[in-house]
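Novice: To start, I am sharing the structure in question, which I have written as structure tokens.
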Amino acid sequence: MWEVIVRIILRYRLPILLVVALLTGVMGWQAGKVKLSYELAQMLPSHDEAFQDYEKFREIFGEDGNTVFIGLEDERVFKLEGFSKWHAFTADIESISGVTGVVNLTRLPIPQRNDSLRRLEFHPLFDGIPDSQQSLDSLFEKAFSQPFYEKLLYNAETGALLTAVSLDREILNTPERLDLISALQKAGNSFTEDSGVRLYFSGLPYIRTQTMKKVDAELKLFVLLAMLVASLALFFFFRSFKAVFFPMIIVVISVIWALGTISLLGYEITILKGIIPPLIIIIGVENCIFLLNKYHHEYRSHGNKVKSLVRVVQRVGNATLLTNATTAVGFATFIITGNRILVEFGIVAALNILSVFLLTLTLIPIFYSYLDPPKYRHIKHLNNNSMRGMVKAVVRVVSFHRARVYGVAIVFLVAGLFGMTRLHTSGSVVDDIPHRDPVYEDLLFFERNISGIMPFEVMIETGRPNGVLRPATLESISRLQEKMAAYPELSRPLSVAEAMKMVRQAFYRGDPTMYDLPHRHDRTFIQSYLPRNMGEDDSLLRSLVDSSMQTTRISVQMANIGTRDIRRIQEDLRPGIDSLFDPETHTVTITGTSVVFLKGTEYLVKNLLTSLLFAIAIISVLMALLFSRARMVIISLVPNLFPQILTAAMMGYLGIPIKPSTIIIFSIALGISVDNSIHFLAKFRQELRLKKYNIKHAVLSALNESGVSMIYTYVVLFFGFIIFTFSSFGGTQALGYLIAFTLSVALLSNLFLLPSILLSLHKRITGDRLEKSFLGNLP
């Protein structure tokens with residue numbers, strides 16, 4: 001089959017080049033339309049109960065993650081000049097297109113009792129800029145006497161002042177959000193330059209925007225770094241400009257196709273999809289190294305260029321197809337997770353790994369068919385003394401010291417199994433942002449002053465119209481809030497109960513000691529001052545209740561805590577909720593972005609573990625197609641599962657948690673690391689026939705030829721993944737160093753453990769039994 005394919009490739013090389021050029025032009029046009037994703041990743045499938053609860057909450061109350069928080073902590077703002085500048089800054093951000101509302105002390109709405117109209121009316125406390133410092137001090141004193149806004153808009157203990165900026169949800173999911181956030185930052189920078197007061201920015205829209213800016217910058221950086229690493233590696237190994245230039249053409253085409261595929265499928269670039277182009281570069285160069293190394297081996301043997309090109313495809317076609325297929329499987333298994341971001345990542349990565357295989361297998365023979373035959377300087381790398389010395393050292397060890405190999409492997413296996421017991425699952429909403437990043441430092445400011453900015457919601461359905469304002473309901477809400485106050489990770493709540501406490505304070509002329517729920521003796525009088533359309537239009541409770549007044553919310557902000565702490569709080573609150581609200585008549589749901597993230601993380605970890613097992617199963621089937629016998633499949637998997645165990649152990653010993661950004665490395669690393677086993681075993685299979693089924697001679701011959709290529713590709717893959725440690729995202733960094741570690745262990749396993757296992761079978765299996773054990777019925 002491969003002989004027919006390579007002859008077609010060489011016979012129709014010009015039409016093939018024209019087709020590739022045409023497809024590249026089309027893909028380049030599509031790549032020019034690719035966009036960044038600004039949506040919050042949907043981690044749960046649409047049928048999940050937690051996702052449906054969150055969607056129901058959003059239908060009633062709207063988005064819970066469309067607010068940018070701006071904070072400051074500076075005494076100059078309490079002076080007339082500083083306050084004037086802060087007041088002007090607030091007006092500036094109110095005028096920005098896409099800002100739907102701004103709330104801070106300069107826009108503080110205070111309810112006031114109007115006896116002539118028998119109603120409460122809201123008026124801004126700061127009606128313009130005071131004319132004296134004394135007036136300003138008096139107004140600040142009055143503002144700080146409003147418990148409703150304590151730890152929401154100000155922190156009396158630290159003097160921190162906070163601004164909540166609501167943004168248009170329609171803009172947040174489009175590229176226009178970049179201009180919107182930039183406009184907020186520009187206004188903030190102008191204020192800082194004018195006043196000298198530092199501002200702190202946070203909130204999910206701000207964090208997501210800063211994240212995608214970094215993704216865009218890192219996509220370009222990693223493509224350049226991957227190209228540099230690949231070029232240097234190719235030149236170092238082959239000492240030939242041609243061996244660098246033509247593989248680089250192939251990987252550039254592959255990157256264009258990868259970006260074009262993203263656009264063609266209607267996807268957008270996320271943090272995960274941003275690493276696909278550099279991955280394609282590294283995998284493409286790996287393919288080129290195997291093909292070029294084989295081409296030089298063949299040419300050195302007989303000196304016929306065309307024959308060498310034909311034999312390259314003939315003899316390594318199966319193995320190269322299988323290595324790329326197993327790598328693609330490692331990514332494709334993410335499709336079964338049901339998570340849209342991972343599904344798209346898996347589809348794009350798998351398709352482009354197979355496309356880079358086709359490009360490599362097609363273009364390397366075509367390019368080199370136009371070139372002159374290799375000269376001595378092009379193939380002298382095959383006699384590289386240092387590389388040959390390394391391979392000879394490996395041969396000596398597996399020939400005479402296999403007991404030591406097994407002893408070391410057993411020691412590391414035991415240590416690995418123990419380390420795996422120390423693994424734990426965790427993660428937080430902004431887990432990937434490094435602690436030294438300004439985004440994270442600003443987040444800590446809000447955690448110190450208001451406990452955090454991550455939405456955590458409790459939705460209460462009373463089951464009856466106007467049920468929200470029933471005294472028993474308000475009392476239960478207030479008591480639940482007291483329980484929630486015991487958790488320092490949660491901010492002060494915003495709820496209908498707190499609003500009614502503020503109403504009572506206003507009824508008693510702003511006396512802060514009256515901040516409490518209406519009592520039995522004054523409830524009727526207070527309610528007579530309330531508007532009748534409380535759940536509609538611009539009334540007091542518009543954001544806290546539905547229009548029928550039967551569903552309400554307790555809205556709090558949460559610190560950037562891990563999933564274990566989120567679950568602990570959720571489970572601790574549930575018994576108290578059930579004791580306060582009768583489950584027969586009330587439905588109380590804990591939801592919000594933080595809770596959806598918790599459920600999503602648990603869901604992903606479970607499904608990613610399943611995808612890893614699925615990857616092992618599919619790779620085993622693919623191996624069986626090549627080797628036909630279960631013995632060979634098992635032998636090939638042993639040295640590749642061993643690195644997975646040690647990587648998991650390293651995570652356990654170093655306290656690296658299992659989370660979506662770390663668990664994906666196992667499927668990816670397995671798909672890539674098994675490549676060396678396939679190339680070695682394919683060569684072993686060929687040599688076994690040539691050496692008349694002498695396992696020892698076949699193993700050593702295969703090791704001598706494949707060992708150099710295994711080391712070459714390891715160097716490229718190692719440094720190719722190490723570049724990801726330069727990322728500013730913790731998950732991408734983990735992907736880099738964990739896969740680099742896995743590949744290092746996999747190289748040692750394939751160089752020492754795999755040949756040792758095969759050599760241990762020498763003299764135990766002979767003749768026909770040996771042929772059936774290793775080769776099956778394949779020709």
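By convention here, the chains of the structure tokens are called A, B, ... in the order presented, each chain's residues are numbered starting at 1, and ligands are numbered starting at 1 in the order presented.
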Quick check for you: according to DSSP on this backbone, which residues of region 467-705 of chain A are classed as strand (DSSP E)? Reply as a list in words.

Specialist: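 Those residues are Leu494, Ser495, Thr551, Thr552, Arg553, Ile554, Ser555, Val556, Gln557, Met558, Thr587, Val588, Thr589, Ile590 and Thr591 of chain A.
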
Novice: How would the residues just chosen look if you wrote them out with N, CA and C atoms as a PDB file, in the first residue's frame?

Specialist:
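result-v1.pdb was written with the following content:
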ATOM      1  N   LEU A 494     -26.333  41.228  49.963  1.00  0.00           N
ATOM      2  CA  LEU A 494     -27.278  42.189  49.396  1.00  0.00           C
ATOM      3  C   LEU A 494     -28.568  41.412  49.182  1.00  0.00           C
ATOM      4  N   SER A 495     -29.631  41.806  49.885  1.00  0.00           N
ATOM      5  CA  SER A 495     -30.857  41.020  49.840  1.00  0.00           C
ATOM      6  C   SER A 495     -32.063  41.898  50.153  1.00  0.00           C
ATOM      7  N   THR A 551     -40.064  35.341  44.152  1.00  0.00           N
ATOM      8  CA  THR A 551     -38.697  34.810  44.104  1.00  0.00           C
ATOM      9  C   THR A 551     -37.717  35.928  44.422  1.00  0.00           C
ATOM     10  N   THR A 552     -36.745  35.624  45.271  1.00  0.00           N
ATOM     11  CA  THR A 552     -35.757  36.622  45.644  1.00  0.00           C
ATOM     12  C   THR A 552     -34.377  35.988  45.688  1.00  0.00           C
ATOM     13  N   ARG A 553     -33.388  36.805  45.998  1.00  0.00           N
ATOM     14  CA  ARG A 553     -32.004  36.325  46.013  1.00  0.00           C
ATOM     15  C   ARG A 553     -31.258  36.916  47.200  1.00  0.00           C
ATOM     16  N   ILE A 554     -30.273  36.166  47.669  1.00  0.00           N
ATOM     17  CA  ILE A 554     -29.271  36.699  48.591  1.00  0.00           C
ATOM     18  C   ILE A 554     -27.970  36.712  47.795  1.00  0.00           C
ATOM     19  N   SER A 555     -27.475  37.891  47.508  1.00  0.00           N
ATOM     20  CA  SER A 555     -26.304  38.029  46.655  1.00  0.00           C
ATOM     21  C   SER A 555     -25.095  38.405  47.501  1.00  0.00           C
ATOM     22  N   VAL A 556     -24.051  37.584  47.434  1.00  0.00           N
ATOM     23  CA  VAL A 556     -22.812  37.885  48.139  1.00  0.00           C
ATOM     24  C   VAL A 556     -21.655  37.712  47.161  1.00  0.00           C
ATOM     25  N   GLN A 557     -20.517  38.273  47.540  1.00  0.00           N
ATOM     26  CA  GLN A 557     -19.290  38.087  46.774  1.00  0.00           C
ATOM     27  C   GLN A 557     -18.379  37.151  47.572  1.00  0.00           C
ATOM     28  N   MET A 558     -17.637  36.345  46.845  1.00  0.00           N
ATOM     29  CA  MET A 558     -16.805  35.328  47.486  1.00  0.00           C
ATOM     30  C   MET A 558     -15.337  35.558  47.137  1.00  0.00           C
ATOM     31  N   THR A 587     -38.341  26.560  47.632  1.00  0.00           N
ATOM     32  CA  THR A 587     -37.226  25.980  46.886  1.00  0.00           C
ATOM     33  C   THR A 587     -36.049  26.936  46.996  1.00  0.00           C
ATOM     34  N   VAL A 588     -34.986  26.473  47.633  1.00  0.00           N
ATOM     35  CA  VAL A 588     -33.812  27.323  47.844  1.00  0.00           C
ATOM     36  C   VAL A 588     -32.637  26.703  47.080  1.00  0.00           C
ATOM     37  N   THR A 589     -32.059  27.483  46.189  1.00  0.00           N
ATOM     38  CA  THR A 589     -30.979  27.003  45.320  1.00  0.00           C
ATOM     39  C   THR A 589     -29.727  27.836  45.549  1.00  0.00           C
ATOM     40  N   ILE A 590     -28.613  27.161  45.787  1.00  0.00           N
ATOM     41  CA  ILE A 590     -27.324  27.849  45.861  1.00  0.00           C
ATOM     42  C   ILE A 590     -26.712  27.813  44.465  1.00  0.00           C
ATOM     43  N   THR A 591     -26.449  28.987  43.918  1.00  0.00           N
ATOM     44  CA  THR A 591     -25.971  29.051  42.542  1.00  0.00           C
ATOM     45  C   THR A 591     -24.996  30.214  42.392  1.00  0.00           C
TER      46      THR A 591
END

Novice: Leu225 (chain A): which residues within 12 Å, counting only C-alpha atoms, same-chain residues fewer than 6 positions away excluded, as a ChimeraX atom specification?

Specialist: /A:218-219,231-232,275,277-279,281-282,716,719-727

Novice: Which one of A:Ile658, A:Leu120, A:Leu136, A:Leu753 sits closest to Leu80 (chain A) if you count only C-alpha atoms?

Specialist: A:Leu136

Novice: Might you pull out every residue within 8 Å of region 612-622 of chain A, with only C-alpha atoms counted and same-chain residues fewer than 6 positions away left off, and present them as an NGL selection string?

Specialist: :A and (322 or 325-326 or 329-330 or 333 or 633 or 637 or 666-667 or 670-671)

Novice: Go ahead and dump the residues you just picked, all heavy atoms, as a PDB file, in the first residue's frame.

Specialist:
ATOM      1  N   LEU A 322       0.666   5.631  12.712  1.00  0.00           N
ATOM      2  CA  LEU A 322       0.200   5.210  14.029  1.00  0.00           C
ATOM      3  C   LEU A 322       0.603   6.206  15.111  1.00  0.00           C
ATOM      4  O   LEU A 322      -0.185   6.506  16.007  1.00  0.00           O
ATOM      5  CB  LEU A 322       0.761   3.822  14.351  1.00  0.00           C
ATOM      6  CG  LEU A 322       0.198   3.145  15.611  1.00  0.00           C
ATOM      7  CD1 LEU A 322      -1.320   3.038  15.548  1.00  0.00           C
ATOM      8  CD2 LEU A 322       0.815   1.767  15.799  1.00  0.00           C
ATOM      9  N   ALA A 325      -1.659   9.088  14.793  1.00  0.00           N
ATOM     10  CA  ALA A 325      -3.014   8.692  15.188  1.00  0.00           C
ATOM     11  C   ALA A 325      -3.143   8.618  16.701  1.00  0.00           C
ATOM     12  O   ALA A 325      -4.138   9.075  17.284  1.00  0.00           O
ATOM     13  CB  ALA A 325      -3.375   7.348  14.556  1.00  0.00           C
ATOM     14  N   THR A 326      -2.121   8.046  17.368  1.00  0.00           N
ATOM     15  CA  THR A 326      -2.183   7.965  18.831  1.00  0.00           C
ATOM     16  C   THR A 326      -2.115   9.349  19.463  1.00  0.00           C
ATOM     17  O   THR A 326      -2.793   9.623  20.460  1.00  0.00           O
ATOM     18  CB  THR A 326      -1.038   7.095  19.377  1.00  0.00           C
ATOM     19  OG1 THR A 326       0.215   7.598  18.901  1.00  0.00           O
ATOM     20  CG2 THR A 326      -1.200   5.652  18.951  1.00  0.00           C
ATOM     21  N   VAL A 329      -5.454  10.843  19.013  1.00  0.00           N
ATOM     22  CA  VAL A 329      -6.398  10.223  19.953  1.00  0.00           C
ATOM     23  C   VAL A 329      -6.283  10.867  21.335  1.00  0.00           C
ATOM     24  O   VAL A 329      -7.285  11.110  22.023  1.00  0.00           O
ATOM     25  CB  VAL A 329      -6.142   8.701  20.043  1.00  0.00           C
ATOM     26  CG1 VAL A 329      -6.817   8.109  21.285  1.00  0.00           C
ATOM     27  CG2 VAL A 329      -6.651   8.016  18.797  1.00  0.00           C
ATOM     28  N   GLY A 330      -5.030  11.154  21.754  1.00  0.00           N
ATOM     29  CA  GLY A 330      -4.839  11.802  23.049  1.00  0.00           C
ATOM     30  C   GLY A 330      -5.620  13.094  23.173  1.00  0.00           C
ATOM     31  O   GLY A 330      -6.123  13.437  24.255  1.00  0.00           O
ATOM     32  N   THR A 333      -9.901  12.461  22.607  1.00  0.00           N
ATOM     33  CA  THR A 333     -10.707  11.925  23.709  1.00  0.00           C
ATOM     34  C   THR A 333     -11.358  13.036  24.532  1.00  0.00           C
ATOM     35  O   THR A 333     -12.302  12.772  25.284  1.00  0.00           O
ATOM     36  CB  THR A 333      -9.846  11.058  24.648  1.00  0.00           C
ATOM     37  OG1 THR A 333      -8.664  11.784  25.029  1.00  0.00           O
ATOM     38  CG2 THR A 333      -9.449   9.769  23.971  1.00  0.00           C
ATOM     39  N   VAL A 633       1.004  -5.307  22.341  1.00  0.00           N
ATOM     40  CA  VAL A 633       0.252  -4.142  22.824  1.00  0.00           C
ATOM     41  C   VAL A 633       0.584  -3.884  24.281  1.00  0.00           C
ATOM     42  O   VAL A 633       0.856  -2.747  24.695  1.00  0.00           O
ATOM     43  CB  VAL A 633      -1.263  -4.362  22.636  1.00  0.00           C
ATOM     44  CG1 VAL A 633      -2.049  -3.220  23.285  1.00  0.00           C
ATOM     45  CG2 VAL A 633      -1.611  -4.477  21.155  1.00  0.00           C
ATOM     46  N   LEU A 637       2.634  -0.626  26.006  1.00  0.00           N
ATOM     47  CA  LEU A 637       1.960   0.289  26.940  1.00  0.00           C
ATOM     48  C   LEU A 637       2.690   0.403  28.275  1.00  0.00           C
ATOM     49  O   LEU A 637       2.634   1.451  28.916  1.00  0.00           O
ATOM     50  CB  LEU A 637       0.520  -0.175  27.181  1.00  0.00           C
ATOM     51  CG  LEU A 637      -0.474   0.071  26.039  1.00  0.00           C
ATOM     52  CD1 LEU A 637      -1.844  -0.489  26.401  1.00  0.00           C
ATOM     53  CD2 LEU A 637      -0.581   1.560  25.727  1.00  0.00           C
ATOM     54  N   PHE A 666      -2.361  14.315  30.943  1.00  0.00           N
ATOM     55  CA  PHE A 666      -2.145  12.866  30.910  1.00  0.00           C
ATOM     56  C   PHE A 666      -2.516  12.281  29.555  1.00  0.00           C
ATOM     57  O   PHE A 666      -1.763  11.487  28.980  1.00  0.00           O
ATOM     58  CB  PHE A 666      -2.913  12.186  32.037  1.00  0.00           C
ATOM     59  CG  PHE A 666      -2.375  12.498  33.403  1.00  0.00           C
ATOM     60  CD1 PHE A 666      -2.971  13.461  34.203  1.00  0.00           C
ATOM     61  CD2 PHE A 666      -1.248  11.863  33.881  1.00  0.00           C
ATOM     62  CE1 PHE A 666      -2.468  13.767  35.454  1.00  0.00           C
ATOM     63  CE2 PHE A 666      -0.730  12.153  35.127  1.00  0.00           C
ATOM     64  CZ  PHE A 666      -1.344  13.112  35.916  1.00  0.00           C
ATOM     65  N   SER A 667      -3.683  12.666  29.025  1.00  0.00           N
ATOM     66  CA  SER A 667      -4.089  12.164  27.711  1.00  0.00           C
ATOM     67  C   SER A 667      -3.149  12.666  26.634  1.00  0.00           C
ATOM     68  O   SER A 667      -2.765  11.930  25.715  1.00  0.00           O
ATOM     69  CB  SER A 667      -5.527  12.597  27.404  1.00  0.00           C
ATOM     70  OG  SER A 667      -6.436  11.993  28.288  1.00  0.00           O
ATOM     71  N   LEU A 670       0.319  10.923  26.993  1.00  0.00           N
ATOM     72  CA  LEU A 670       0.264   9.516  26.591  1.00  0.00           C
ATOM     73  C   LEU A 670       0.278   9.392  25.073  1.00  0.00           C
ATOM     74  O   LEU A 670       1.026   8.584  24.511  1.00  0.00           O
ATOM     75  CB  LEU A 670      -1.002   8.858  27.154  1.00  0.00           C
ATOM     76  CG  LEU A 670      -1.228   7.395  26.752  1.00  0.00           C
ATOM     77  CD1 LEU A 670      -0.104   6.520  27.275  1.00  0.00           C
ATOM     78  CD2 LEU A 670      -2.585   6.906  27.248  1.00  0.00           C
ATOM     79  N   GLY A 671      -0.542  10.221  24.410  1.00  0.00           N
ATOM     80  CA  GLY A 671      -0.600  10.165  22.953  1.00  0.00           C
ATOM     81  C   GLY A 671       0.727  10.485  22.299  1.00  0.00           C
ATOM     82  O   GLY A 671       1.057   9.931  21.247  1.00  0.00           O
TER      83      GLY A 671
END

Novice: Leaving out Thr337 (chain A) and any residue of its chain fewer than 2 positions from it, which residues lie within 9 Å of it when counting only C-alpha atoms, given as a list of chain:residue names?

Specialist: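 Contacts, with the query itself left out: A:Thr333, A:Phe334, A:Ile335, A:Asn339, A:Arg340, A:Leu342, A:Val343, A:Tyr603, A:Leu604, A:Lys606, A:Asn607, A:Leu608, A:Thr610, A:Ser611.
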
Novice: How close does region 386-434 of chain A get to region 703-708 of chain A? List, as CSV, each residue of region 386-434 of chain A within 10 Å, its nearest atom pair and the distance in Å to one decimal, counting only C-alpha atoms.

Specialist:
residue,atom,partner,partner_atom,distance
A:Met387,CA,A:Val708,CA,6.4
A:Arg388,CA,A:Val708,CA,7.4
A:Met390,CA,A:Val708,CA,8.6
A:Val391,CA,A:Gly707,CA,6.1
A:Lys392,CA,A:Asn704,CA,7.5
A:Val394,CA,A:Leu703,CA,8.6
A:Val395,CA,A:Leu703,CA,7.4

Novice: Pull C-alpha atoms from the residues just selected and write them as a compact mmCIF listing (two decimals), in the first residue's frame.

Specialist:
# COMPACT_ATOMS: atom_id res chain seq x y z
CA MET A 387 24.83 10.34 20.14
CA ARG A 388 26.29 6.99 19.21
CA MET A 390 24.81 7.49 24.37
CA VAL A 391 23.08 4.73 22.43
CA LYS A 392 25.98 2.32 23.01
CA VAL A 394 22.09 2.20 26.64
CA VAL A 395 22.83 -1.01 24.74

Novice: Name all residues at most 8 Å from Leu199 (chain A) (count only C-alpha atoms; drop same-chain ones fewer than 2 positions away) and give them as a list of chain:residue names.

Specialist: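 Within the cut-off, the hits are A:Ile70, A:Gly71, A:Leu72, A:Gly188, A:Thr192, A:Val197, A:Phe201.
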
Novice: How would the residues just picked look written out with all heavy atoms as a compact mmCIF listing (two decimals), in the first residue's frame?

Specialist:
# COMPACT_ATOMS: atom_id res chain seq x y z
N ILE A 70 -14.03 48.94 41.02
CA ILE A 70 -12.89 49.86 41.08
C ILE A 70 -12.75 50.31 42.53
O ILE A 70 -13.71 50.80 43.13
CB ILE A 70 -13.08 51.08 40.16
CG1 ILE A 70 -13.37 50.63 38.73
CG2 ILE A 70 -11.85 51.99 40.20
CD1 ILE A 70 -13.72 51.77 37.79
N GLY A 71 -11.58 50.11 43.11
CA GLY A 71 -11.38 50.45 44.51
C GLY A 71 -10.22 51.42 44.71
O GLY A 71 -9.34 51.53 43.87
N LEU A 72 -10.26 52.10 45.84
CA LEU A 72 -9.15 52.98 46.23
C LEU A 72 -9.07 53.03 47.74
O LEU A 72 -10.05 52.74 48.45
CB LEU A 72 -9.32 54.39 45.64
CG LEU A 72 -10.57 55.18 46.03
CD1 LEU A 72 -10.34 56.00 47.30
CD2 LEU A 72 -10.97 56.12 44.89
N GLY A 188 -9.29 55.69 34.49
CA GLY A 188 -8.63 55.47 35.78
C GLY A 188 -7.22 56.00 35.80
O GLY A 188 -6.77 56.60 36.79
N THR A 192 -5.61 58.82 38.24
CA THR A 192 -4.41 58.57 39.05
C THR A 192 -3.34 59.62 38.78
O THR A 192 -2.70 60.13 39.71
CB THR A 192 -3.87 57.16 38.77
OG1 THR A 192 -4.87 56.19 39.14
CG2 THR A 192 -2.61 56.89 39.57
N VAL A 197 -3.79 59.19 43.31
CA VAL A 197 -4.47 58.10 44.03
C VAL A 197 -4.48 56.85 43.16
O VAL A 197 -4.93 56.89 42.01
CB VAL A 197 -5.91 58.50 44.40
CG1 VAL A 197 -6.64 57.32 45.06
CG2 VAL A 197 -5.93 59.72 45.30
N PHE A 201 -8.51 47.57 40.03
CA PHE A 201 -9.58 47.09 39.14
C PHE A 201 -9.75 45.58 39.32
O PHE A 201 -8.78 44.83 39.43
CB PHE A 201 -9.24 47.36 37.68
CG PHE A 201 -9.37 48.80 37.26
CD1 PHE A 201 -8.36 49.71 37.54
CD2 PHE A 201 -10.50 49.25 36.60
CE1 PHE A 201 -8.47 51.03 37.14
CE2 PHE A 201 -10.63 50.57 36.19
CZ PHE A 201 -9.61 51.47 36.47

Novice: Pick out each residue of region 116-149 of chain A that DSSP on the backbone tags as helix (DSSP H, G or I); I need them as a short mmCIF file (atom, residue, chain, number, x, y, z; two decimals) with N, CA, C and O atoms, in the first residue's frame.

Specialist:
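Result file follows (states.cif):
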data_model
loop_
_atom_site.label_atom_id
_atom_site.label_comp_id
_atom_site.auth_asym_id
_atom_site.auth_seq_id
_atom_site.Cartn_x
_atom_site.Cartn_y
_atom_site.Cartn_z
N GLN A 133 -14.93 71.91 53.26
CA GLN A 133 -14.45 70.67 53.83
C GLN A 133 -15.37 70.20 54.94
O GLN A 133 -15.60 69.00 55.11
N GLN A 134 -15.93 71.14 55.68
CA GLN A 134 -16.83 70.80 56.78
C GLN A 134 -18.07 70.09 56.25
O GLN A 134 -18.54 69.10 56.81
N SER A 135 -18.61 70.61 55.14
CA SER A 135 -19.79 69.98 54.54
C SER A 135 -19.45 68.58 54.03
O SER A 135 -20.25 67.64 54.18
N LEU A 136 -18.27 68.45 53.44
CA LEU A 136 -17.85 67.14 52.94
C LEU A 136 -17.70 66.14 54.08
O LEU A 136 -18.16 65.00 53.98
N ASP A 137 -17.09 66.57 55.17
CA ASP A 137 -16.93 65.68 56.33
C ASP A 137 -18.28 65.24 56.86
O ASP A 137 -18.47 64.08 57.25
N SER A 138 -19.22 66.17 56.89
CA SER A 138 -20.57 65.86 57.39
C SER A 138 -21.25 64.83 56.51
O SER A 138 -21.90 63.90 57.00
N LEU A 139 -21.10 64.99 55.19
CA LEU A 139 -21.72 64.05 54.26
C LEU A 139 -21.07 62.67 54.35
O LEU A 139 -21.76 61.64 54.27
N PHE A 140 -19.74 62.61 54.51
CA PHE A 140 -19.08 61.33 54.68
C PHE A 140 -19.55 60.64 55.97
O PHE A 140 -19.75 59.43 56.01
N GLU A 141 -19.73 61.44 57.01
CA GLU A 141 -20.21 60.87 58.28
C GLU A 141 -21.59 60.26 58.10
O GLU A 141 -21.89 59.18 58.63
N LYS A 142 -22.43 60.97 57.33
CA LYS A 142 -23.78 60.45 57.09
C LYS A 142 -23.73 59.20 56.22
O LYS A 142 -24.49 58.24 56.43
N ALA A 143 -22.81 59.19 55.25
CA ALA A 143 -22.67 58.02 54.38
C ALA A 143 -22.24 56.80 55.18
O ALA A 143 -22.74 55.69 54.97
N PRO A 147 -25.56 51.41 57.27
CA PRO A 147 -25.05 50.02 57.34
C PRO A 147 -25.29 49.21 56.07
O PRO A 147 -24.57 48.25 55.79
N PHE A 148 -26.32 49.60 55.31
CA PHE A 148 -26.66 48.85 54.10
C PHE A 148 -25.47 48.80 53.14
O PHE A 148 -25.25 47.80 52.45
N TYR A 149 -24.69 49.88 53.09
CA TYR A 149 -23.59 49.99 52.13
C TYR A 149 -22.24 49.59 52.72
O TYR A 149 -21.24 49.57 52.00
#

Novice: Write out as a PyMOL selection string each polymer residue whose atoms come within 7 Å of Leu688 (chain A), counting only C-alpha atoms; drop sequence neighbours fewer than 6 positions from it.

Specialist: chain A and resi 694-695+698

Novice: What lies within 8 Å of Ser451 (chain A) using only C-alpha atoms, ignoring chain neighbours under 4 positions off, as a list in words?

Specialist: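 Neighbouring residues, sequence-local ones excluded: Phe446, Glu447, Pro488, Glu489, Leu490, Ser491, Gln557, Met558 and Ala559 of chain A.
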
Novice: Go ahead and compute the interatomic distance for CA of Gly730 (chain A) and CA of Pro434 (chain A), in Å to one decimal.

Specialist: 6.3 Å

Novice: If I take CA of Phe83 (chain A) and CA of Ser145 (chain A), how far is one from the other in Å, to one decimal?

Specialist: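 Computing it gives 18.7 Å between the two atoms.
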
Novice: Using only C-alpha atoms, pick whichever of A:Leu259, A:Leu117, A:Val638, A:Val306 has the shortest atom-to-atom distance to Ile9 (chain A).

Specialist: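 Among the listed residues, A:Val306 lies closest to Ile9 (chain A).
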